[in-house]
>>> print(open('work-v1.txt').read())   # compact mmCIF, C-alpha atoms
# COMPACT_ATOMS: atom_id res chain seq x y z
CA MET A 1 94.41 123.60 88.08
CA ARG A 2 91.22 121.93 89.23
CA LEU A 3 91.41 119.49 86.29
CA VAL A 4 94.96 118.56 87.31
CA LYS A 5 93.88 117.83 90.89
CA ILE A 6 90.99 115.67 89.69
CA SER A 7 93.34 113.77 87.37
CA ILE A 8 95.82 113.16 90.18
CA PHE A 9 93.00 111.96 92.46
CA ILE A 10 91.72 109.50 89.84
CA LEU A 11 95.27 108.24 89.25
CA ALA A 12 95.73 107.68 92.99
CA LEU A 13 92.51 105.68 93.14
CA SER A 14 93.65 103.61 90.17
CA LEU A 15 96.94 102.80 91.90
CA ALA A 16 95.05 101.73 95.02
CA ILE A 17 92.84 99.43 92.98
CA ILE A 18 95.73 97.64 91.22
CA GLY A 19 97.83 97.46 94.39
CA GLN A 20 96.25 94.30 95.76
CA THR A 21 96.02 91.51 93.22
CA ASN A 22 95.62 87.78 92.82
CA LYS A 23 98.07 87.69 89.92
CA GLY A 24 101.22 85.60 90.14
CA GLY A 25 104.41 85.37 88.16
CA ILE A 26 107.29 83.26 86.87
CA THR A 27 110.96 84.11 87.34
CA GLY A 28 114.17 82.23 86.69
CA THR A 29 117.48 82.08 84.87
CA VAL A 30 118.66 80.43 81.65
CA THR A 31 122.04 78.70 81.91
CA ASP A 32 124.05 76.14 79.95
CA SER A 33 125.13 72.75 81.23
CA LYS A 34 128.21 74.29 82.89
CA GLY A 35 126.20 76.93 84.77
CA ALA A 36 127.12 79.90 82.58
CA ALA A 37 124.39 82.44 81.92
CA VAL A 38 122.75 82.46 78.49
CA PRO A 39 121.87 86.06 77.60
CA GLY A 40 119.51 87.02 74.79
CA ALA A 41 117.48 83.80 74.95
CA THR A 42 113.86 84.06 73.86
CA VAL A 43 111.52 82.89 76.63
CA THR A 44 107.89 82.28 75.63
CA ILE A 45 105.43 81.68 78.48
CA THR A 46 102.06 80.31 77.29
CA ASN A 47 98.86 79.87 79.29
CA ILE A 48 97.74 76.30 78.55
CA GLY A 49 94.04 77.09 79.01
CA THR A 50 93.78 80.25 76.89
CA ASN A 51 96.91 79.93 74.69
CA LYS A 52 97.85 83.51 75.57
CA SER A 53 101.61 84.03 75.41
CA VAL A 54 104.14 86.38 76.93
CA VAL A 55 107.51 86.68 75.12
CA LEU A 56 110.60 87.76 77.08
CA THR A 57 114.35 88.03 76.47
CA SER A 58 116.83 86.87 79.09
CA SER A 59 119.15 89.55 80.49
CA ASP A 60 122.95 89.57 80.43
CA GLU A 61 122.82 87.48 83.61
CA GLY A 62 120.39 85.05 81.93
CA SER A 63 117.47 86.05 84.14
CA PHE A 64 113.85 86.64 83.14
CA THR A 65 110.68 87.66 84.99
CA ALA A 66 107.04 87.57 83.95
CA SER A 67 104.60 89.30 86.29
CA THR A 68 100.80 89.73 86.43
CA LEU A 69 100.15 86.18 85.24
CA ASP A 70 96.77 84.60 85.90
CA PRO A 71 96.88 81.66 88.34
CA ALA A 72 96.99 78.75 85.89
CA LEU A 73 99.23 76.17 84.21
CA TYR A 74 101.88 77.41 81.76
CA ASN A 75 104.31 76.00 79.21
CA ILE A 76 107.70 77.71 78.99
CA LYS A 77 109.69 77.53 75.75
CA VAL A 78 113.33 78.73 75.62
CA GLU A 79 115.15 79.34 72.33
CA ALA A 80 118.76 80.50 72.02
CA THR A 81 121.36 80.47 69.24
CA ASN A 82 123.55 77.33 69.23
CA PHE A 83 121.35 75.67 71.85
CA LYS A 84 118.60 73.10 71.65
CA LYS A 85 115.08 74.36 72.18
CA ALA A 86 113.87 73.66 75.74
CA LEU A 87 110.19 73.15 76.64
CA ILE A 88 109.09 73.04 80.28
CA GLU A 89 105.51 71.81 80.56
CA LYS A 90 102.80 72.50 83.11
CA VAL A 91 104.40 75.09 85.36
CA LYS A 92 101.82 76.04 88.02
CA VAL A 93 101.41 79.68 89.03
CA ASP A 94 99.53 79.97 92.32
CA THR A 95 97.39 82.86 93.47
CA ALA A 96 99.51 85.88 94.45
CA ALA A 97 102.70 83.79 94.25
CA VAL A 98 105.81 83.73 92.09
CA SER A 99 107.16 80.42 90.77
CA THR A 100 110.93 80.13 90.27
CA VAL A 101 111.92 78.06 87.22
CA ASN A 102 115.62 77.80 86.38
CA ILE A 103 116.22 76.35 82.90
CA ILE A 104 119.32 74.55 81.64
CA VAL A 105 119.71 74.44 77.85
CA GLU A 106 121.90 71.98 75.97
CA VAL A 107 124.31 72.81 73.17
CA GLY A 108 122.94 71.81 69.78
CA SER A 109 120.71 72.86 66.91
CA VAL A 110 117.78 75.14 67.62
CA ASN A 111 115.66 72.74 65.56
CA GLU A 112 116.09 70.09 68.25
CA GLU A 113 113.78 70.19 71.26
CA VAL A 114 114.15 68.91 74.80
CA THR A 115 110.91 68.52 76.77
CA ILE A 116 111.12 68.81 80.55
CA GLN A 117 108.29 68.07 82.97
CA ALA A 118 108.05 70.88 85.50
CA ASP A 119 108.79 70.11 89.13
CA THR A 120 105.49 70.24 91.00
CA GLN A 121 107.31 71.46 94.11
CA THR A 122 108.66 74.68 92.63
CA VAL A 123 110.24 76.87 95.29
CA ASN A 124 109.95 80.64 95.36
CA VAL A 125 113.40 81.92 96.28
CA ASP A 126 112.54 85.55 95.48
CA SER A 127 110.08 86.15 98.32
CA GLY A 128 109.87 85.18 101.98
CA THR A 129 106.07 85.17 101.99
CA ILE A 130 104.57 82.22 103.84
CA SER A 131 101.70 81.19 101.59
CA GLN A 132 99.69 78.01 101.09
CA THR A 133 97.25 77.29 98.26
CA ILE A 134 94.04 75.26 98.27
CA THR A 135 93.89 73.78 94.78
CA GLU A 136 90.91 73.20 92.48
CA ARG A 137 91.11 69.45 93.09
CA GLN A 138 90.92 69.91 96.86
CA LEU A 139 87.87 72.15 96.40
CA ARG A 140 86.26 69.53 94.20
CA ASP A 141 87.10 66.38 96.20
CA LEU A 142 86.79 67.45 99.85
CA PRO A 143 83.26 67.48 101.35
CA LEU A 144 82.06 70.87 102.59
CA ASN A 145 79.04 70.91 104.86
CA ASN A 146 78.42 74.66 104.49
CA ARG A 147 79.28 74.73 100.76
CA SER A 148 81.72 77.57 101.43
CA VAL A 149 85.37 77.43 100.37
CA LEU A 150 86.38 79.24 103.57
CA ASP A 151 85.78 75.97 105.43
CA LEU A 152 89.06 74.72 103.95
CA ALA A 153 91.02 77.70 105.30
CA VAL A 154 91.19 76.06 108.73
CA THR A 155 93.14 73.14 107.19
CA MET A 156 96.05 75.48 106.55
CA PRO A 157 98.96 76.11 108.94
CA ASN A 158 98.65 79.21 111.16
CA VAL A 159 94.86 79.34 110.68
CA SER A 160 92.36 78.62 113.44
CA GLY A 161 88.82 79.53 114.45
CA ASP A 162 85.45 79.09 112.80
CA ALA A 163 84.87 79.76 109.10
CA GLY A 164 81.19 80.53 109.73
CA SER A 165 78.38 80.33 107.21
CA GLU A 166 76.32 82.55 104.95
CA ASP A 167 73.15 80.76 106.08
CA VAL A 168 70.98 82.35 108.72
CA GLY A 169 70.35 79.87 111.52
CA PRO A 170 67.05 79.38 113.36
CA ASP A 171 68.49 81.10 116.42
CA ALA A 172 69.69 84.68 116.88
CA THR A 173 73.20 84.15 115.50
CA GLN A 174 74.36 86.47 112.74
CA PRO A 175 75.93 85.03 109.57
CA VAL A 176 79.50 86.32 109.49
CA PRO A 177 81.50 84.06 107.13
CA GLY A 178 85.23 84.46 107.63
CA PHE A 179 84.93 86.87 110.56
CA ASN A 180 85.98 84.37 113.26
CA LEU A 181 89.01 83.09 111.38
CA SER A 182 92.34 83.85 113.04
CA VAL A 183 95.36 83.92 110.71
CA ASN A 184 98.89 83.94 112.13
CA GLY A 185 97.61 84.74 115.61
CA GLY A 186 95.61 87.77 114.52
CA ARG A 187 92.33 88.60 116.21
CA PRO A 188 89.03 87.51 114.66
CA GLY A 189 87.85 90.20 112.28
CA SER A 190 91.37 91.27 111.35
CA THR A 191 91.80 89.06 108.26
CA SER A 192 91.86 90.70 104.82
CA MET A 193 89.74 88.78 102.30
CA LEU A 194 90.16 89.38 98.57
CA ALA A 195 88.35 88.03 95.51
CA ASP A 196 90.35 88.23 92.24
CA GLY A 197 92.44 90.92 93.90
CA VAL A 198 89.42 93.06 94.86
CA ASN A 199 88.71 93.80 98.52
CA ASN A 200 85.97 91.43 99.72
CA THR A 201 86.09 92.42 103.40
CA GLY A 202 83.06 94.08 104.97
CA ILE A 203 83.54 97.53 106.48
CA GLY A 204 81.04 97.39 109.36
CA ILE A 205 81.83 93.76 110.21
CA ALA A 206 85.01 92.28 108.77
CA ARG A 207 83.24 89.32 107.17
CA ALA A 208 83.39 88.11 103.59
CA VAL A 209 80.99 90.32 101.63
CA VAL A 210 80.51 87.69 98.92
CA SER A 211 80.68 83.97 99.69
CA PHE A 212 81.83 81.54 97.02
CA THR A 213 80.93 77.90 96.46
CA PRO A 214 83.49 75.30 95.32
CA GLU A 215 82.06 75.27 91.78
CA THR A 216 82.90 78.95 91.22
CA VAL A 217 86.42 79.04 92.71
CA GLN A 218 89.56 77.91 90.93
CA GLU A 219 91.79 78.13 94.01
CA PHE A 220 92.59 80.35 96.95
CA ALA A 221 95.73 81.20 98.86
CA VAL A 222 96.30 82.03 102.52
CA GLN A 223 99.22 84.37 103.17
CA SER A 224 100.08 84.27 106.84
CA SER A 225 103.42 86.05 107.15
CA ALA A 226 105.94 88.32 105.40
CA TYR A 227 103.50 89.30 102.67
CA SER A 228 104.01 92.36 100.49
CA ALA A 229 103.24 95.87 101.75
CA GLU A 230 100.36 96.08 99.27
CA TYR A 231 98.40 93.88 101.71
CA GLY A 232 98.92 96.27 104.61
CA THR A 233 95.25 96.48 105.63
CA THR A 234 95.32 93.22 107.59
CA GLY A 235 96.07 92.51 111.22
CA GLY A 236 96.80 88.82 110.72
CA GLY A 237 96.83 87.47 107.18
CA VAL A 238 95.30 87.50 103.72
CA ILE A 239 92.83 85.08 102.13
CA ASN A 240 92.98 85.61 98.37
CA ILE A 241 90.37 83.84 96.22
CA THR A 242 90.67 83.32 92.46
CA THR A 243 87.36 82.64 90.74
CA LYS A 244 87.02 80.46 87.65
CA SER A 245 87.14 81.89 84.15
CA GLY A 246 86.69 80.51 80.65
CA ARG A 247 89.30 78.74 78.57
CA ASN A 248 89.53 77.08 75.15
CA ASP A 249 87.77 73.88 76.16
CA LEU A 250 84.11 73.77 77.17
CA PHE A 251 83.54 72.69 80.78
CA GLY A 252 80.84 72.87 83.40
CA THR A 253 79.09 71.38 86.43
CA ALA A 254 75.52 70.47 87.28
CA LEU A 255 74.54 69.27 90.75
CA TRP A 256 71.73 69.24 93.30
CA TYR A 257 72.66 69.22 96.96
CA HIS A 258 69.77 68.21 99.21
CA ARG A 259 69.21 67.72 102.95
CA ASN A 260 65.95 66.84 104.70
CA PRO A 261 64.77 65.81 108.20
CA VAL A 262 64.21 62.21 107.10
CA THR A 263 67.86 61.51 106.30
CA ASN A 264 69.55 64.07 108.56
CA ALA A 265 71.58 62.74 111.47
CA ARG A 266 70.31 63.83 114.85
CA PRO A 267 72.57 66.41 116.56
CA TRP A 268 74.54 65.28 119.57
CA ARG A 269 73.90 67.11 122.82
CA GLN A 270 75.57 66.22 126.08
CA GLY A 271 73.11 65.00 128.67
CA THR A 272 70.13 65.12 126.30
CA ALA A 273 67.91 62.07 125.97
CA PRO A 274 66.34 61.54 123.56
CA ARG A 275 68.41 63.51 121.06
CA PRO A 276 66.44 66.28 119.32
CA ALA A 277 65.54 66.01 115.65
CA ASN A 278 67.49 67.82 112.93
CA ASN A 279 64.79 69.83 111.14
CA LEU A 280 66.98 71.35 108.44
CA ARG A 281 65.53 71.18 104.92
CA SER A 282 67.98 72.57 102.38
CA ASN A 283 68.24 72.52 98.57
CA GLN A 284 71.07 73.98 96.55
CA VAL A 285 71.33 73.74 92.77
CA SER A 286 74.56 74.60 90.98
CA VAL A 287 74.86 74.96 87.21
CA THR A 288 78.13 76.33 85.84
CA VAL A 289 79.55 76.48 82.31
CA GLY A 290 82.63 78.06 80.81
CA GLY A 291 84.49 78.13 77.51
CA PRO A 292 85.24 80.28 74.47
CA VAL A 293 82.73 82.80 73.20
CA TYR A 294 81.30 81.43 69.96
CA LEU A 295 78.56 82.87 67.78
CA PRO A 296 77.31 80.26 65.28
CA ALA A 297 76.39 80.92 61.67
CA PHE A 298 72.95 82.06 60.50
CA GLY A 299 71.67 79.47 58.08
CA GLU A 300 73.16 76.17 56.99
CA GLY A 301 76.73 76.39 55.82
CA GLY A 302 77.05 80.09 56.57
CA PRO A 303 80.28 81.65 57.84
CA ARG A 304 80.96 81.96 61.53
CA LEU A 305 80.31 85.37 62.98
CA TYR A 306 82.86 85.06 65.73
CA ASP A 307 85.15 82.36 67.17
CA GLY A 308 86.53 83.25 70.59
CA HIS A 309 89.19 80.53 70.74
CA ASN A 310 92.46 82.02 72.06
CA LYS A 311 90.72 85.41 72.37
CA THR A 312 87.45 85.73 74.29
CA PHE A 313 86.07 83.49 77.04
CA PHE A 314 83.13 83.30 79.41
CA PHE A 315 82.14 81.64 82.67
CA PHE A 316 78.56 81.49 83.97
CA ALA A 317 77.19 80.20 87.28
CA TYR A 318 73.61 79.92 88.50
CA GLU A 319 73.15 78.69 92.07
CA PRO A 320 69.66 79.10 93.60
CA ARG A 321 69.14 78.01 97.19
CA TRP A 322 66.11 77.13 99.33
CA ARG A 323 66.49 76.59 103.04
CA THR A 324 64.08 76.14 105.97
CA ASP A 325 65.04 75.32 109.52
CA PHE A 326 63.68 75.57 113.03
CA VAL A 327 64.67 74.44 116.49
CA SER A 328 62.71 72.52 119.10
CA SER A 329 63.04 73.45 122.75
CA THR A 330 61.50 72.17 125.97
CA GLY A 331 60.00 74.62 128.45
CA LEU A 332 58.62 74.07 131.95
CA LEU A 333 55.37 75.94 132.62
CA PRO A 334 54.39 76.99 136.18
CA THR A 335 51.96 74.72 137.99
CA ALA A 336 48.55 75.85 139.24
CA ALA A 337 49.95 76.16 142.77
CA GLU A 338 52.89 78.25 141.58
CA ARG A 339 50.55 80.60 139.73
CA THR A 340 48.81 81.28 143.08
CA GLY A 341 52.11 81.97 144.85
CA ASN A 342 52.68 78.55 146.41
CA PHE A 343 56.27 77.50 145.71
CA ARG A 344 56.41 74.56 148.09
CA GLY A 345 57.67 71.18 146.93
CA LEU A 346 60.32 72.53 144.53
CA VAL A 347 63.73 70.93 144.09
CA ARG A 348 66.75 73.10 143.34
CA THR A 349 68.80 71.38 140.62
CA ASP A 350 71.81 72.59 138.67
CA GLY A 351 69.41 73.77 135.97
CA GLY A 352 67.12 75.68 138.34
CA PHE A 353 64.00 75.06 140.43
CA VAL A 354 61.69 72.27 139.21
CA PRO A 355 58.76 70.44 140.86
CA ALA A 356 59.74 67.35 142.81
CA ALA A 357 57.84 65.09 140.38
CA ILE A 358 59.80 66.48 137.41
CA ALA A 359 63.10 66.09 139.25
CA THR A 360 62.28 62.45 139.97
CA GLN A 361 61.21 61.80 136.36
CA PHE A 362 64.51 63.03 134.91
CA GLY A 363 66.75 61.76 137.71
CA GLN A 364 67.69 65.19 139.01
CA THR A 365 68.80 65.60 142.60
CA SER A 366 68.79 68.58 144.90
CA SER A 367 72.03 70.52 144.82
CA ARG A 368 71.31 73.17 147.48
CA ASP A 369 68.56 74.57 149.71
CA ASN A 370 65.22 73.92 148.03
CA ASN A 371 63.40 76.87 149.58
CA ILE A 372 62.60 80.15 147.82
CA TYR A 373 62.57 82.85 150.48
CA GLN A 374 60.17 85.76 150.50
CA GLN A 375 62.11 89.02 150.74
CA PHE A 376 59.31 91.40 149.67
CA THR A 377 55.66 91.84 150.52
CA LEU A 378 52.90 93.47 148.56
CA GLY A 379 52.32 97.00 149.80
CA PRO A 380 49.93 99.82 148.92
CA ALA A 381 49.11 100.38 145.27
CA GLY A 382 50.52 96.95 144.44
CA LYS A 383 54.14 97.95 145.09
CA LEU A 384 56.72 95.52 146.48
CA VAL A 385 57.97 96.54 149.91
CA PRO A 386 61.17 95.01 151.35
CA ILE A 387 60.63 92.97 154.52
CA ALA A 388 62.63 94.34 157.45
CA LEU A 389 64.20 91.49 159.45
CA GLY A 390 64.40 91.56 163.21
CA SER A 391 67.39 90.32 165.20
CA GLY A 392 67.80 86.53 164.95
CA PHE A 393 65.28 86.11 162.14
CA LEU A 394 65.57 84.93 158.53
CA TYR A 395 63.18 85.20 155.63
CA CYS A 396 60.31 82.70 155.44
CA PRO A 397 59.90 80.31 152.51
CA TRP A 398 57.74 81.85 149.83
CA GLY A 399 54.11 80.82 150.24
CA ALA A 400 54.77 78.97 153.49
CA VAL A 401 52.51 81.14 155.69
CA PRO A 402 50.48 84.34 155.41
CA THR A 403 52.29 87.57 156.03
CA ILE A 404 51.76 89.13 159.51
CA ASN A 405 51.84 92.91 159.45
CA GLY A 406 54.12 92.81 156.40
CA ALA A 407 56.89 91.14 158.42
CA THR A 408 56.97 87.40 157.75
CA GLN A 409 60.13 86.17 159.45
CA MET A 410 61.95 83.04 160.55
CA SER A 411 63.94 82.08 163.64
CA PHE A 412 66.40 79.31 164.40
CA ASN A 413 65.34 76.03 166.01
CA ALA A 414 67.37 73.93 168.44
CA ALA A 415 69.22 72.26 165.57
CA GLY A 416 70.27 75.65 164.23
CA GLN A 417 67.96 75.41 161.22
CA PRO A 418 65.72 78.34 160.24
CA GLN A 419 62.02 77.99 160.95
CA CYS A 420 59.00 80.24 160.88
CA THR A 421 58.12 82.05 164.11
CA ALA A 422 55.46 80.57 166.38
CA ALA A 423 53.04 83.33 165.48
CA ASP A 424 53.49 82.51 161.78
CA GLN A 425 53.13 78.79 162.40
CA GLN A 426 49.86 79.40 164.25
CA ARG A 427 48.49 81.35 161.31
>>> encode(input="work-v1.txt", output="structure tokens")
Amino acid sequence: MRLVKISIFILALSLAIIGQTNKGGITGTVTDSKGAAVPGATVTITNIGTNKSVVLTSSDEGSFTASTLDPALYNIKVEATNFKKALIEKVKVDTAAVSTVNIIVEVGSVNEEVTIQADTQTVNVDSGTISQTITERQLRDLPLNNRSVLDLAVTMPNVSGDAGSEDVGPDATQPVPGFNLSVNGGRPGSTSMLADGVNNTGIGIARAVVSFTPETVQEFAVQSSAYSAEYGTTGGGVINITTKSGRNDLFGTALWYHRNPVTNARPWRQGTAPRPANNLRSNQVSVTVGGPVYLPAFGEGGPRLYDGHNKTFFFFAYEPRWRTDFVSSTGLLPTAAERTGNFRGLVRTDGGFVPAAIATQFGQTSSRDNNIYQQFTLGPAGKLVPIALGSGFLYCPWGAVPTINGATQMSFNAAGQPQCTAADQQR
């Protein structure tokens, strides 16, 4: 009995793992030129990159469906008795999306072939999911300052916010890539992020656990509404990334991305003159290669040990990074008089109290009362004791006069302005 329970538990976990996926599919119908269904037609769907094929037979209504297809380009070949062979080239299957391809075959010999270029704007009529895909070309051609593919998510409809960065800044900010993205009006931190169908959303903070650079991603899709129940762990939408994999041809990338303080543009800050320097020094190297697994022969003219064409593929990426950064800030130290408790001659600006000479130097004007009033006096054992005000008195400016019996006070003059008492003025 215990073994049965364990088996059921493992099966349940397996179902949960395969529930969310980045796989797509192709569906459609086979009809003749008059619109009648063509049952029993052989439909062969072939991945152009790996040459892997799926063979289907159209139903009595002429329909066919291929699921769990990798996001890639496919050729579709349709063969039926008394009809010409039809070949639809370069049908694109997007991440977590189903492409609808309806095929019309012509009467004739099966030895004849009609080649049709696939419509790039294939419409999915089998699902109401609102989904948009960022293609490999967009990832390759569009500049990305943070080198993160999530930066392109904000170019999609129903997506707003800040994609964030994996880099730790020189300040106290925490790197939370993807956390502050809002999909379909959902709150930040409510987006579900997947990588090749695997959950890539952090548990403690709903950020992307693993960040991907453009050289390692084939495409990614943003599902913002009416997605399948298998994506039920999101409060707004789903960002589904498909990473690159090998294919029959050998391909790769080699680049060095460099930034340094000499060529960096200075950051813009409102009201800051001169503008502070950009001290970021960053180096990122990316080397990627993919293709079929091939083990060459030992010795000249020897037989091949293994040729992975159409069978086994690999993709490798190595991306070291070096980054240093720091910020420059300006601080105002207390003057010698201020360190002795004399706070006369200060000007109250919008940014706080500054000496009059500093205010004049930077063109700052007084916004309110320039005085700092003394509300406490130093009592026994170095403790601050509140000053008790008498009727008609206000606090004295700090450092204006010595304290008399712990009760430095002010009164009003003829103009209604506060002033120190006569006794204080005499001291």
>>> residues_around(input="work-v1.txt", residues="Asn180 in chain A", least_positions_apart="5", cutoff="8 Å", atoms="all atoms listed in the file", output="number ranges by chain")
A: 161-164, 188-189
>>> closest_residue(input="work-v1.txt", among="A:Ala381, A:Ala277, A:Ala96, A:Ala317", to="Val289 in chain A", atoms="all atoms listed in the file")
A:Ala317
>>> closest_atom_pairs(input="work-v1.txt", of="range 192-300 of chain A", to="range 34-49 of chain A", cutoff="10 Å", atoms="only C-alpha atoms", output="tab-separated table")
residue	atom	partner	partner_atom	distance
A:Ser245	CA	A:Gly49	CA	9.9
A:Gly246	CA	A:Gly49	CA	8.3
A:Arg247	CA	A:Gly49	CA	5.0
A:Asn248	CA	A:Gly49	CA	5.9
A:Asp249	CA	A:Gly49	CA	7.6
A:Gly291	CA	A:Gly49	CA	9.7
>>> atom_distance(input="work-v1.txt", atom1="CA of Asp60 in chain A", atom2="CA of Asp94 in chain A")
28.0 Å
>>> residues_near_point(input="work-v1.txt", point="(83.0, 74.9, 101.6)", cutoff="10 Å", atoms="all atoms listed in the file", output="short mmCIF file (atom, residue, chain, number, x, y, z; two decimals) with C-alpha atoms, in the coordinates of the input")
data_model
loop_
_atom_site.label_atom_id
_atom_site.label_comp_id
_atom_site.auth_asym_id
_atom_site.auth_seq_id
_atom_site.Cartn_x
_atom_site.Cartn_y
_atom_site.Cartn_z
CA LEU A 139 87.87 72.15 96.40
CA ARG A 140 86.26 69.53 94.20
CA LEU A 142 86.79 67.45 99.85
CA PRO A 143 83.26 67.48 101.35
CA LEU A 144 82.06 70.87 102.59
CA ASN A 145 79.04 70.91 104.86
CA ASN A 146 78.42 74.66 104.49
CA ARG A 147 79.28 74.73 100.76
CA SER A 148 81.72 77.57 101.43
CA VAL A 149 85.37 77.43 100.37
CA LEU A 150 86.38 79.24 103.57
CA ASP A 151 85.78 75.97 105.43
CA LEU A 152 89.06 74.72 103.95
CA ALA A 153 91.02 77.70 105.30
CA ALA A 163 84.87 79.76 109.10
CA SER A 165 78.38 80.33 107.21
CA SER A 211 80.68 83.97 99.69
CA PHE A 212 81.83 81.54 97.02
CA THR A 213 80.93 77.90 96.46
CA PRO A 214 83.49 75.30 95.32
CA GLU A 215 82.06 75.27 91.78
#
>>> residues_around(input="work-v1.txt", residues="range 354-367 of chain A", least_positions_apart="5", cutoff="12 Å", atoms="only C-alpha atoms", output="PDB file with C-alpha atoms, keeping the file's coordinate frame")
ATOM      1  CA  GLY A 271      73.110  65.000 128.670  1.00  0.00           C
ATOM      2  CA  THR A 272      70.130  65.120 126.300  1.00  0.00           C
ATOM      3  CA  ALA A 273      67.910  62.070 125.970  1.00  0.00           C
ATOM      4  CA  PRO A 274      66.340  61.540 123.560  1.00  0.00           C
ATOM      5  CA  GLY A 331      60.000  74.620 128.450  1.00  0.00           C
ATOM      6  CA  LEU A 332      58.620  74.070 131.950  1.00  0.00           C
ATOM      7  CA  LEU A 333      55.370  75.940 132.620  1.00  0.00           C
ATOM      8  CA  PRO A 334      54.390  76.990 136.180  1.00  0.00           C
ATOM      9  CA  THR A 335      51.960  74.720 137.990  1.00  0.00           C
ATOM     10  CA  ALA A 336      48.550  75.850 139.240  1.00  0.00           C
ATOM     11  CA  ALA A 337      49.950  76.160 142.770  1.00  0.00           C
ATOM     12  CA  GLU A 338      52.890  78.250 141.580  1.00  0.00           C
ATOM     13  CA  ASN A 342      52.680  78.550 146.410  1.00  0.00           C
ATOM     14  CA  PHE A 343      56.270  77.500 145.710  1.00  0.00           C
ATOM     15  CA  ARG A 344      56.410  74.560 148.090  1.00  0.00           C
ATOM     16  CA  GLY A 345      57.670  71.180 146.930  1.00  0.00           C
ATOM     17  CA  LEU A 346      60.320  72.530 144.530  1.00  0.00           C
ATOM     18  CA  VAL A 347      63.730  70.930 144.090  1.00  0.00           C
ATOM     19  CA  ARG A 348      66.750  73.100 143.340  1.00  0.00           C
ATOM     20  CA  THR A 349      68.800  71.380 140.620  1.00  0.00           C
ATOM     21  CA  ILE A 372      62.600  80.150 147.820  1.00  0.00           C
TER      22      ILE A 372
END
>>> residues_near_point(input="work-v1.txt", point="(104.3, 86.4, 92.6)", cutoff="9 Å", atoms="only C-alpha atoms", output="list in words")
Asn22, Lys23, Gly24, Gly25, Ile26, Thr27, Ser67, Thr68, Leu69, Val93, Asp94, Thr95, Ala96, Ala97, Val98, Ser99, Asn124, Asp126 and Ser127 of chain A
>>> closest_residue(input="work-v1.txt", among="A:Pro292, A:Asn371, A:Glu219, A:Glu136", to="Ala195 in chain A", atoms="all atoms listed in the file")
A:Glu219
>>> atom_distance(input="work-v1.txt", atom1="CA of Thr243 in chain A", atom2="CA of Tyr294 in chain A")
21.7 Å
>>> atom_distance(input="work-v1.txt", atom1="CA of Leu389 in chain A", atom2="CA of Tyr373 in chain A")
12.6 Å
>>> residues_around(input="work-v1.txt", residues="Asn102 in chain A", least_positions_apart="5", cutoff="10 Å", atoms="all atoms listed in the file", output="mmCIF file with C-alpha atoms, in the frame of the given file")
data_model
loop_
_atom_site.group_PDB
_atom_site.id
_atom_site.type_symbol
_atom_site.label_atom_id
_atom_site.label_comp_id
_atom_site.auth_asym_id
_atom_site.auth_seq_id
_atom_site.Cartn_x
_atom_site.Cartn_y
_atom_site.Cartn_z
ATOM 1 C CA ILE A 26 107.290 83.260 86.870
ATOM 2 C CA THR A 27 110.960 84.110 87.340
ATOM 3 C CA GLY A 28 114.170 82.230 86.690
ATOM 4 C CA THR A 29 117.480 82.080 84.870
ATOM 5 C CA VAL A 30 118.660 80.430 81.650
ATOM 6 C CA THR A 31 122.040 78.700 81.910
ATOM 7 C CA GLY A 62 120.390 85.050 81.930
ATOM 8 C CA SER A 63 117.470 86.050 84.140
ATOM 9 C CA PHE A 64 113.850 86.640 83.140
ATOM 10 C CA THR A 122 108.660 74.680 92.630
#
>>> residues_around(input="work-v1.txt", residues="range 279-281 of chain A", least_positions_apart="2", cutoff="12 Å", atoms="only C-alpha atoms", output="ChimeraX atom specification")
/A:167-170,257-267,276-277,283-284,321-328
>>> residues_around(input="work-v1.txt", residues="Asn184 in chain A", least_positions_apart="6", cutoff="6 Å", atoms="only C-alpha atoms", output="PyMOL selection string")
chain A and resi 158+224+236
>>> closest_residue(input="work-v1.txt", among="A:Ile88, A:Leu73, A:Ile134, A:Phe313", to="Glu113 in chain A", atoms="only C-alpha atoms")
A:Ile88
>>> decode(input="work-v1.txt", residues="range 94-106 of chain A", atoms="C-alpha atoms", output="short mmCIF file (atom, residue, chain, number, x, y, z; two decimals), in the first residue's frame")
data_model
loop_
_atom_site.label_atom_id
_atom_site.label_comp_id
_atom_site.auth_asym_id
_atom_site.auth_seq_id
_atom_site.Cartn_x
_atom_site.Cartn_y
_atom_site.Cartn_z
CA ASP A 94 5.87 30.33 -31.53
CA THR A 95 6.53 29.64 -27.87
CA ALA A 96 3.45 28.19 -26.14
CA ALA A 97 1.29 28.95 -29.18
CA VAL A 98 -0.62 26.94 -31.77
CA SER A 99 -0.40 27.87 -35.46
CA THR A 100 -3.45 27.18 -37.64
CA VAL A 101 -2.59 26.05 -41.18
CA ASN A 102 -5.46 25.10 -43.48
CA ILE A 103 -4.27 23.29 -46.63
CA ILE A 104 -6.03 23.08 -49.98
CA VAL A 105 -4.90 20.22 -52.23
CA GLU A 106 -5.43 20.07 -55.98
#
